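Novice: Please find one structure pasted underneath; my questions will follow.
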Amino acid sequence: MQVTETLNEGLKRGYAITVTAAELDAKVNEKLVEAQPEVEMKGFRKGKVPMALLKKQFGERVLGEAMQEAVDGAMNEHFESTGDRPAMQPDVKMTNEDWKAGDDVNVEMAYEKLPEIPEVDMSGIKLEKMVVKADDDAVAEALGNLAETAQDFKARKKGSKAKDGDQVTFDFLGKVDGEAFEGGAAEDYPLVLGSGSFIPGFEEQLVGVKAEEEKDVTVSFPDDYQAEHLAGKEAVFECKIKEVKEPVAAEVNDELATKFGAEDLDGLKAQISERLEAEYTGAARAVMKRGLLDQLDGLVSFELPPSLVDAEAGQIAHQLWHEDNPEVEGHDHPEIETTDEHKKLAERRVRLGLLLAELGQKAEVTVTDAEMTQAIMAQARQYPGQERQFFEFIQQNQQMQQQLRAPLFEDKVVDHIVESATVTEKEVSKEDLQKAVESLEEE
């Protein structure tokens, strides 16, 4: 087997690989000898079929496998001997397209190698960690928001007109072509105007009604309405308004606390305080992480594989385009061109990604099975009722597993670096932290 270098330019490498006909024939014989004990053929005892007959019967079928194994073996041997790590899947193609049995196999392999990452002196890394306490005002604000979500309704003054957001209690009877239809009637039905729980156009017509008033509401069922006999038809609902109520926030007391799973108000306050501080800690970590990455980015400089930069720039351009065009789903859109700005951001991401991967490898940072399982379960919760199917899908999909593992690995590497850095805590207000987070999103 011969491997000849054809390109050595920056990180780009090219090689011509020749697998001789003799080597290929030996590989075929090796595979047939391995299979011989299990082969059964009429006229011969199991495992006693002559090699010449085996080669005639199965040689062509085994040849393809032997060729692939020989080329893969040559590539693996090359990477082991050179220490090269390809940035992306090598481009491999057979050059003698008119190949026939008895010929050598000529293959071209091209790839971009990952660069050598220089040693980084991290002794001078200094970080600032923002600390925000969940004070009484923040807890009170959160309690107020919970009270609004747990709102109740109280009767408006007699004669008051219903407003959007009010609860109207009424009887109704729906008719199509003057005939009542099944499921079109109810008594003492509580409807919050603006909730969108009735047919489009229904709730809007009840805005302005008063208690003890009667009103006919005329609407058309959507063409795709689930009840086919009503789809697209006009209906008149005879409504008798019984009560109009306005929304009021629930009182902040022990009763509210029990609605949210706490024993009493003090317990709910403690839960809120804990949740707020966890949110603040997460936000502060994101700000500190950006500060760390900025410092690391300034500490190193090395050549980047163009293929990785181009792929990352394309992803960035694609993501930003969809953010600007949220109405477009899928990939049915014009080709998106990358700009110098996209490429600059891609270079930073690729450089930091390679650096963190190198630092993590040297520090023997790993993502455990338990951590992966936890991450998969967190993702699965986004698909209620399909958690098991999602979990099985991830287990069978190596690419999806890598997409989940990569951010876990990066965070663990960041934590490892932070442990040896000089970290100064600075107590700030919630507003200051929010501004810092918003500045991250703007960059």
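Order determines the names: the first chain of the structure tokens is A, the second B, and so forth; residues in each chain are numbered 1 upward, and ligands are numbered 1 upward as they are shown.
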Could you find all residues in stretch 199-254 of chain A that DSSP calls strand (DSSP E or B) from the backbone, and write them as a list in words?

Specialist: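 So, restricting stretch 199-254 of chain A to strand (DSSP E or B), we get Glu214, Lys215, Asp216, Val217, Thr218, Val219, Ser220, Glu234, Ala235, Val236, Phe237, Glu238, Cys239, Lys240, Ile241, Lys242, Glu243, Val244, Lys245, Glu246, Pro247 and Val248 of chain A.
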
Novice: Could you find all residues in stretch 71-303 of chain A that DSSP calls helix (DSSP H, G or I) from the backbone, and write them as a PyMOL selection string?

Specialist: chain A and resi 71-82+136-149+203-206+254-259+265-299

Novice: Would you kindly return, as a list in words, each protein, DNA or RNA residue with an atom no farther than 6 Å from any atom of A:Phe172, considering only C-alpha atoms and excluding same-chain residues fewer than 4 positions away?

Specialist: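 Counting only C-alpha atoms, the residues come to Ala185, Ala186, Glu238 and Cys239 of chain A.
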
Novice: Which residues are close to A:Lys344, i.e. within 9 Å by only C-alpha atoms, leaving aside same-chain residues fewer than 5 positions away? Reply as an MDAnalysis selection string.

Specialist: chainID A and resid 309 313 339 349

Novice: I'd like the neighbourhood of stretch 386-392 of chain A as a PyMOL selection string, where a residue qualifies if any of its atoms comes within 12 Å (using only C-alpha atoms), though same-chain residues fewer than 2 positions away should be ignored.

Specialist: chain A and resi 372-384+394-398+400-401

Novice: To one decimal in Å, tell me the separation between atom CA of A:Phe260 and atom CA of A:Leu433.

Specialist: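 These atoms are spaced 27.5 Å apart.
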
Novice: Compare A:Asp135, A:Glu97, A:Asp171, A:Asp25 by their minimum atom-to-atom distance to A:Asp216, counting only C-alpha atoms, and give me the closest one.

Specialist: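 Smallest separation from A:Asp216 among the options: A:Asp171.
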
Novice: At a cut-off of 9 Å, using only C-alpha atoms, what residues contact A:Val423? Leave out same-chain residues fewer than 5 positions from it and give the result as a count of residues only.

Specialist: 6
